[in-house]
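The structure file run_30.cif is reproduced below (mmCIF, C-alpha atoms and all ligand atoms).
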data_final
loop_
_atom_site.label_atom_id
_atom_site.label_comp_id
_atom_site.auth_asym_id
_atom_site.auth_seq_id
_atom_site.Cartn_x
_atom_site.Cartn_y
_atom_site.Cartn_z
CA MET W 1 -20.70 251.19 -15.61
CA LEU W 2 -24.03 250.35 -17.19
CA GLY W 3 -25.04 252.28 -20.29
CA ARG W 4 -28.46 253.89 -20.52
CA LEU W 5 -30.05 250.64 -21.69
CA GLY W 6 -28.30 248.54 -19.06
CA PHE W 7 -25.57 247.06 -21.26
CA GLU W 8 -22.32 246.62 -19.35
CA THR W 9 -20.12 247.00 -22.42
CA ALA W 10 -22.18 249.49 -24.43
CA ALA W 11 -19.22 251.51 -25.76
CA LEU W 12 -17.21 248.43 -26.73
CA ASP W 13 -20.25 246.78 -28.33
CA ALA W 14 -20.93 249.93 -30.38
CA LYS W 15 -17.30 250.01 -31.58
CA LEU W 16 -17.27 246.32 -32.53
CA LEU W 17 -20.55 246.59 -34.43
CA THR W 18 -19.58 249.82 -36.17
CA GLY W 19 -16.29 248.26 -37.25
CA HIS W 20 -18.12 245.17 -38.48
CA ALA W 21 -20.66 247.19 -40.47
CA LEU W 22 -17.93 249.30 -42.09
CA GLY W 23 -15.47 246.46 -42.64
CA LEU W 24 -12.86 248.06 -40.37
CA ASP W 25 -10.90 246.32 -37.61
CA ALA W 26 -10.42 247.94 -34.19
CA LEU W 27 -7.13 249.57 -35.14
CA ALA W 28 -8.48 250.97 -38.42
CA LEU W 29 -11.54 252.28 -36.62
CA ALA W 30 -9.46 253.99 -33.92
CA THR W 31 -6.95 255.57 -36.27
CA ARG W 32 -9.25 256.61 -39.11
CA GLU W 33 -9.38 260.34 -39.77
CA GLN W 34 -12.77 261.93 -39.15
CA GLU W 35 -14.64 261.68 -42.40
CA PRO W 36 -18.28 261.57 -43.43
CA VAL W 37 -19.96 258.16 -43.55
CA ALA W 38 -22.06 257.25 -46.59
CA ASP W 39 -25.80 256.96 -45.92
CA ALA W 40 -25.83 253.26 -46.74
CA ASP W 41 -22.99 252.64 -44.24
CA ALA W 42 -24.73 254.68 -41.56
CA GLU W 43 -27.89 252.64 -42.11
CA ARG W 44 -25.95 249.41 -41.80
CA VAL W 45 -24.42 250.58 -38.51
CA ALA W 46 -27.83 251.65 -37.21
CA GLY W 47 -29.32 248.29 -38.20
CA LEU W 48 -26.73 246.36 -36.22
CA LEU W 49 -27.03 248.65 -33.18
CA GLN W 50 -30.79 248.16 -33.28
CA ARG W 51 -30.32 244.39 -33.13
CA ARG W 52 -27.97 244.78 -30.16
CA MET W 53 -30.51 246.99 -28.40
CA SER W 54 -33.11 244.28 -28.82
CA GLY W 55 -30.83 241.99 -26.80
CA GLU W 56 -28.98 240.00 -29.45
CA SER W 57 -25.31 239.51 -28.49
CA VAL W 58 -22.46 241.08 -30.44
CA ALA W 59 -21.13 237.62 -31.31
CA ARG W 60 -24.48 236.53 -32.76
CA ILE W 61 -24.75 239.70 -34.83
CA ILE W 62 -21.19 239.38 -36.12
CA GLY W 63 -21.74 235.65 -36.63
CA GLU W 64 -18.76 234.32 -34.72
CA ARG W 65 -17.24 234.07 -31.27
CA GLU W 66 -13.76 233.31 -30.02
CA PHE W 67 -13.36 230.24 -27.83
CA PHE W 68 -10.08 228.73 -26.61
CA GLY W 69 -8.22 231.08 -28.98
CA LEU W 70 -10.16 229.97 -32.07
CA ALA W 71 -13.01 231.72 -33.88
CA PHE W 72 -16.25 229.73 -34.21
CA ALA W 73 -19.04 230.59 -36.63
CA LEU W 74 -22.52 230.55 -35.09
CA ASN W 75 -26.04 230.17 -36.36
CA ALA W 76 -29.51 230.13 -34.81
CA ALA W 77 -29.21 226.41 -34.03
CA THR W 78 -25.99 226.69 -32.03
CA LEU W 79 -25.32 227.84 -28.49
CA GLU W 80 -22.85 230.71 -28.36
CA PRO W 81 -19.56 229.22 -27.07
CA ARG W 82 -18.83 230.47 -23.54
CA PRO W 83 -15.55 230.95 -21.68
CA ASP W 84 -17.01 228.72 -18.90
CA THR W 85 -16.56 225.73 -21.19
CA GLU W 86 -12.81 226.28 -21.61
CA LEU W 87 -12.18 224.33 -18.38
CA LEU W 88 -13.71 221.27 -20.05
CA ILE W 89 -11.28 221.70 -22.96
CA GLU W 90 -8.24 221.89 -20.67
CA LEU W 91 -9.32 218.74 -18.83
CA ALA W 92 -10.15 216.87 -22.06
CA ILE W 93 -6.77 217.69 -23.65
CA LYS W 94 -5.10 216.11 -20.60
CA ALA W 95 -7.48 213.16 -20.21
CA LEU W 96 -7.38 211.86 -23.78
CA PRO W 97 -4.79 209.05 -24.14
CA VAL W 98 -2.25 209.16 -27.00
CA GLY W 99 -4.04 208.35 -30.27
CA GLY W 100 -7.29 208.52 -28.34
CA ARG W 101 -10.86 208.57 -29.64
CA LEU W 102 -13.19 211.35 -28.53
CA LEU W 103 -17.01 211.48 -28.66
CA ASP W 104 -18.86 214.81 -28.24
CA LEU W 105 -22.63 214.72 -27.69
CA GLY W 106 -24.68 217.75 -28.73
CA THR W 107 -21.77 219.46 -30.42
CA GLY W 108 -23.45 222.72 -31.55
CA THR W 109 -20.73 224.89 -33.15
CA GLY W 110 -18.33 221.97 -32.64
CA CYS W 111 -16.24 224.16 -30.35
CA ILE W 112 -15.47 221.35 -27.87
CA PRO W 113 -14.09 218.60 -30.14
CA ILE W 114 -12.50 221.13 -32.51
CA ALA W 115 -10.62 222.91 -29.70
CA VAL W 116 -9.50 219.55 -28.26
CA LEU W 117 -8.37 218.04 -31.58
CA ALA W 118 -6.68 221.30 -32.64
CA ASN W 119 -4.48 220.82 -29.57
CA ARG W 120 -4.10 217.04 -29.90
CA SER W 121 -2.98 216.20 -33.43
CA ASP W 122 -2.74 212.48 -32.50
CA ALA W 123 -6.42 212.15 -31.60
CA ILE W 124 -9.58 211.55 -33.63
CA GLY W 125 -13.25 212.10 -32.85
CA LEU W 126 -16.95 211.80 -33.59
CA ALA W 127 -19.37 214.65 -32.92
CA SER W 128 -23.14 214.37 -33.01
CA ASP W 129 -26.07 216.73 -32.76
CA ILE W 130 -29.80 216.34 -33.18
CA SER W 131 -29.85 219.53 -35.27
CA ALA W 132 -28.74 219.26 -38.91
CA GLU W 133 -28.22 223.05 -39.00
CA ALA W 134 -25.86 222.86 -36.02
CA LEU W 135 -23.88 220.04 -37.64
CA GLU W 136 -23.47 222.12 -40.79
CA MET W 137 -21.96 224.91 -38.73
CA ALA W 138 -19.70 222.48 -36.86
CA GLN W 139 -18.42 221.05 -40.14
CA ILE W 140 -17.55 224.54 -41.40
CA ASN W 141 -15.73 225.26 -38.13
CA ALA W 142 -13.82 221.96 -38.29
CA ALA W 143 -12.60 222.76 -41.80
CA ARG W 144 -11.64 226.28 -40.73
CA HIS W 145 -9.45 224.95 -37.93
CA GLY W 146 -7.86 222.12 -39.89
CA VAL W 147 -9.36 219.14 -38.04
CA ALA W 148 -11.98 218.04 -40.61
CA ASP W 149 -9.95 214.95 -41.56
CA ARG W 150 -9.91 213.72 -37.92
CA LEU W 151 -13.41 214.67 -36.80
CA ARG W 152 -16.46 212.83 -38.12
CA PHE W 153 -19.97 214.24 -37.76
CA ALA W 154 -23.20 212.28 -37.47
CA PRO W 155 -26.77 213.42 -36.86
CA GLY W 156 -28.69 211.98 -33.94
CA SER W 157 -29.97 212.42 -30.42
CA TRP W 158 -27.34 211.65 -27.75
CA PHE W 159 -25.87 208.19 -28.45
CA GLU W 160 -28.02 207.49 -31.50
CA ALA W 161 -25.25 208.57 -33.88
CA CYS W 162 -22.82 205.94 -32.59
CA SER W 163 -25.24 203.06 -32.07
CA ARG W 164 -26.25 202.82 -35.70
CA ASN W 165 -24.09 199.74 -36.32
CA GLY W 166 -25.35 198.00 -33.24
CA ARG W 167 -25.20 199.03 -29.61
CA GLY W 168 -21.73 199.68 -28.33
CA GLU W 169 -19.87 198.82 -31.50
CA ASP W 170 -18.13 202.19 -31.52
CA LYS W 171 -15.90 202.71 -28.46
CA PHE W 172 -14.34 205.93 -27.22
CA ASP W 173 -11.61 206.79 -24.74
CA LEU W 174 -13.31 210.02 -23.74
CA ILE W 175 -16.95 211.10 -23.96
CA VAL W 176 -17.53 214.83 -23.56
CA SER W 177 -20.60 217.05 -23.62
CA ASN W 178 -21.93 220.46 -22.65
CA PRO W 179 -25.57 219.37 -22.56
CA PRO W 180 -28.56 221.61 -21.86
CA TYR W 181 -28.73 221.88 -18.06
CA ILE W 182 -30.81 224.93 -17.20
CA THR W 183 -34.09 224.08 -15.49
CA SER W 184 -37.08 225.09 -17.56
CA ALA W 185 -38.21 227.59 -14.88
CA VAL W 186 -34.80 229.30 -14.46
CA LEU W 187 -34.46 229.63 -18.24
CA GLU W 188 -37.22 232.26 -18.27
CA THR W 189 -35.24 234.46 -15.86
CA LEU W 190 -32.00 234.60 -17.89
CA ALA W 191 -30.68 237.62 -19.83
CA PRO W 192 -32.28 238.28 -23.25
CA GLU W 193 -28.96 237.39 -24.97
CA VAL W 194 -29.46 233.84 -23.69
CA LYS W 195 -33.20 233.40 -23.25
CA ASP W 196 -34.23 234.99 -26.56
CA PHE W 197 -31.31 234.15 -28.82
CA ASP W 198 -29.51 230.97 -27.73
CA PRO W 199 -31.44 227.91 -28.96
CA ARG W 200 -33.76 226.54 -26.26
CA LEU W 201 -32.82 223.03 -27.28
CA ALA W 202 -29.24 223.73 -26.18
CA LEU W 203 -30.25 225.16 -22.79
CA ASP W 204 -33.36 223.45 -21.46
CA GLY W 205 -32.44 220.49 -19.26
CA GLY W 206 -36.05 219.72 -18.32
CA PRO W 207 -37.90 220.39 -15.05
CA ASP W 208 -34.85 219.62 -12.85
CA GLY W 209 -32.10 220.34 -15.40
CA LEU W 210 -30.81 216.77 -15.17
CA ALA W 211 -32.59 215.03 -18.06
CA PRO W 212 -29.51 214.87 -20.36
CA TYR W 213 -27.25 213.60 -17.55
CA ARG W 214 -29.64 210.70 -16.89
CA ILE W 215 -29.26 209.65 -20.53
CA ILE W 216 -25.49 210.11 -20.52
CA ALA W 217 -24.96 208.29 -17.19
CA ALA W 218 -27.20 205.40 -18.21
CA ASN W 219 -25.59 204.81 -21.62
CA ALA W 220 -22.01 206.07 -21.62
CA ARG W 221 -20.43 202.85 -20.34
CA ASP W 222 -21.66 200.99 -23.45
CA TYR W 223 -19.55 203.31 -25.59
CA LEU W 224 -16.40 203.63 -23.46
CA SER W 225 -13.17 201.73 -24.05
CA PRO W 226 -11.77 199.97 -20.94
CA GLY W 227 -10.46 202.72 -18.66
CA GLY W 228 -12.38 205.35 -20.65
CA GLN W 229 -13.73 208.52 -19.08
CA VAL W 230 -16.73 210.82 -19.22
CA LEU W 231 -16.15 214.57 -18.85
CA VAL W 232 -19.23 216.81 -18.95
CA GLU W 233 -20.04 220.41 -18.11
CA ILE W 234 -22.56 220.91 -15.29
CA GLY W 235 -24.45 223.79 -13.66
CA TYR W 236 -22.87 225.39 -10.56
CA ASP W 237 -25.45 223.78 -8.24
CA GLN W 238 -25.61 220.33 -9.83
CA GLY W 239 -22.35 218.77 -8.55
CA SER W 240 -23.81 216.50 -5.88
CA SER W 241 -26.88 215.32 -7.79
CA ILE W 242 -24.90 214.50 -10.93
CA ARG W 243 -22.18 212.81 -8.88
CA ALA W 244 -24.88 210.58 -7.36
CA LEU W 245 -26.33 209.87 -10.80
CA PHE W 246 -22.98 208.69 -12.22
CA ALA W 247 -22.22 206.66 -9.06
CA GLU W 248 -25.59 204.93 -9.42
CA HIS W 249 -24.54 203.83 -12.90
CA GLY W 250 -21.27 202.32 -11.70
CA PHE W 251 -18.85 205.14 -12.45
CA ALA W 252 -15.74 205.36 -10.25
CA ASP W 253 -13.19 208.12 -9.49
CA ILE W 254 -15.88 210.76 -9.87
CA VAL W 255 -14.45 214.27 -9.50
CA VAL W 256 -16.30 217.60 -9.55
CA HIS W 257 -13.97 220.26 -11.00
CA LYS W 258 -14.28 223.93 -10.06
CA ASP W 259 -13.89 226.82 -12.51
CA LEU W 260 -11.88 230.01 -11.91
CA ASN W 261 -14.80 231.48 -9.97
CA GLY W 262 -14.70 228.54 -7.56
CA LEU W 263 -17.97 227.13 -8.89
CA ASP W 264 -18.63 223.49 -9.82
CA ARG W 265 -18.36 223.39 -13.61
CA VAL W 266 -17.28 219.97 -14.88
CA ILE W 267 -17.66 216.41 -13.62
CA SER W 268 -15.46 213.47 -14.61
CA GLY W 269 -15.72 209.77 -13.93
N1 LIG M 301 -23.74 227.94 -19.09
C1 LIG M 301 -24.84 228.27 -19.93
C2 LIG M 301 -25.64 229.41 -19.37
O1 LIG M 301 -25.72 229.58 -18.17
C3 LIG M 301 -25.75 227.08 -20.17
C4 LIG M 301 -25.14 226.08 -21.02
C5 LIG M 301 -25.90 224.79 -21.03
O2 LIG M 301 -27.09 224.65 -20.69
N2 LIG M 301 -25.20 223.81 -21.44
O3 LIG M 301 -26.19 230.20 -20.10
#

Take the structure in this file and express it as structure tokens.
Amino acid sequence: MLGRLGFETAALDAKLLTGHALGLDALALATREQEPVADADAERVAGLLQRRMSGESVARIIGEREFFGLAFALNAATLEPRPDTELLIELAIKALPVGGRLLDLGTGTGCIPIAVLANRSDAIGLASDISAEALEMAQINAARHGVADRLRFAPGSWFEACSRNGRGEDKFDLIVSNPPYITSAVLETLAPEVKDFDPRLALDGGPDGLAPYRIIAANARDYLSPGGQVLVEIGYDQGSSIRALFAEHGFADIVVHKDLNGLDRVISG
């Protein structure tokens, strides 16, 4: 049922934000005796609810979001991790060879390589992002989940971070990414949580939503070990165009993977 302002989870959101403002977890909040709330606490609660009413998500207000069973800190430069991306993690955990090397492009919170390496203690990785603020967040998240010694971070746009020592010197067994893939026009129609609060840089895939895939398809083979694979998240309606793009650049065994809703979500090749 939609609340008065159209929020599907209004009651839950209010509980989470109240608990956060008062420093109480869900159990403490539910079992606390009725007692007056100090003015300062009431103001803090009201402040957070006001932010929610302006469209900011609960995760952004609280400053973290759970993804693949791990909590990831967020900031204004990072996309909020989404359950949709968990399929990519499951596939990556299986695809990475023993002792494998992983590259994540546009890492944001770092949720992709951190979730993969947390489940594959034999593997190592490099994560890059064009935003220094995003990389800072990713580094904090890597330390929090105990993978900081196996995951390197480097600033740069797409492959820039790994071409610094000469093109193709760094090789990877698996290249992953959840690049921006929303078309610029569709972006304007999305919910305020996304359109007004997720960073545009992490969403806007250009006029046809395919700009990042053109860069990835054209360059990935220079950075792949023999037999290496690319595994990237895609929009639900992009399967055939991105398949064609990777085929054009000589990729084989291209598979479009469907998510739990039966929608195209990830492509591998
Ligand atoms: N799946 C996200 C959304 O629809 C977009 C993520 C992306 O562009 N990589 O909001």

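For ligand LIG 301 (chain M), the neighbouring protein, DNA and RNA residues, which are those within 8 Å when all atoms listed in the file are counted, are Leu79, Arg82, Asp84, Thr85, Asn178, Pro179, Pro180, Tyr181, Ile182, Leu190, Val194, Ala202, Leu203, Asp204, Gly205, Glu233, Ile234 and Gly235 of chain W.
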
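Distances from W:Asp129, W:Glu35, W:Glu8, W:Asp25 to Ser177 in chain W were compared using all atoms listed in the file, and the smallest one belongs to W:Asp129.
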
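You can rank W:Val98, W:Val37, W:Ala30, W:Val232 by their closest distance to Glu86 in chain W using all atoms listed in the file, and at the top of that list sits W:Val232.
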
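Around range 44-56 of chain W, within 9 Å and counting all atoms listed in the file, the residues found are W:Leu5, W:Phe7, W:Asp13, W:Ala14, W:Leu17, W:Thr18, W:Gly19, W:His20, W:Ala21, W:Leu22, W:Asp39, W:Ala40, W:Arg60, W:Ile61, W:Ile62, W:Ala191, W:Pro192, W:Glu193, W:Val194, W:Asp196, W:Phe197, once anything fewer than 4 positions away on its own chain is removed.
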
Quiz item: What is the CA of Gly100 in chain W-CA of Val230 in chain W distance in Å, reported with one decimal?
Solution: 13.3 Å

Exercise. Just the residues within 10 Å of Ile124 in chain W, please, counting only C-alpha atoms, with nothing from its chain fewer than 2 positions along; format it as a PyMOL selection string.
Key: chain W and resi 99-103+113+116-117+120-122+126+147-152+172

Could you write out the selected residues, including C-alpha atoms, as a short mmCIF file (atom, residue, chain, number, x, y, z; two decimals), in the coordinates of the input?
data_model
loop_
_atom_site.label_atom_id
_atom_site.label_comp_id
_atom_site.auth_asym_id
_atom_site.auth_seq_id
_atom_site.Cartn_x
_atom_site.Cartn_y
_atom_site.Cartn_z
CA GLY W 99 -4.04 208.35 -30.27
CA GLY W 100 -7.29 208.52 -28.34
CA ARG W 101 -10.86 208.57 -29.64
CA LEU W 102 -13.19 211.35 -28.53
CA LEU W 103 -17.01 211.48 -28.66
CA PRO W 113 -14.09 218.60 -30.14
CA VAL W 116 -9.50 219.55 -28.26
CA LEU W 117 -8.37 218.04 -31.58
CA ARG W 120 -4.10 217.04 -29.90
CA SER W 121 -2.98 216.20 -33.43
CA ASP W 122 -2.74 212.48 -32.50
CA LEU W 126 -16.95 211.80 -33.59
CA VAL W 147 -9.36 219.14 -38.04
CA ALA W 148 -11.98 218.04 -40.61
CA ASP W 149 -9.95 214.95 -41.56
CA ARG W 150 -9.91 213.72 -37.92
CA LEU W 151 -13.41 214.67 -36.80
CA ARG W 152 -16.46 212.83 -38.12
CA PHE W 172 -14.34 205.93 -27.22
#

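Among the candidate residues W:Gly69, W:Pro212, W:Gly23, W:Gly63, the one lying nearest to Leu245 in chain W is W:Pro212, with distances computed using only C-alpha atoms.
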
Self-check item: Residue neighbourhood range 75-77 of chain W, 8 Å, all atoms listed in the file, exclusion window fewer than 6 positions, as number ranges by chain
Solution: W: 60, 63, 108, 131, 133-134, 137, 197-199
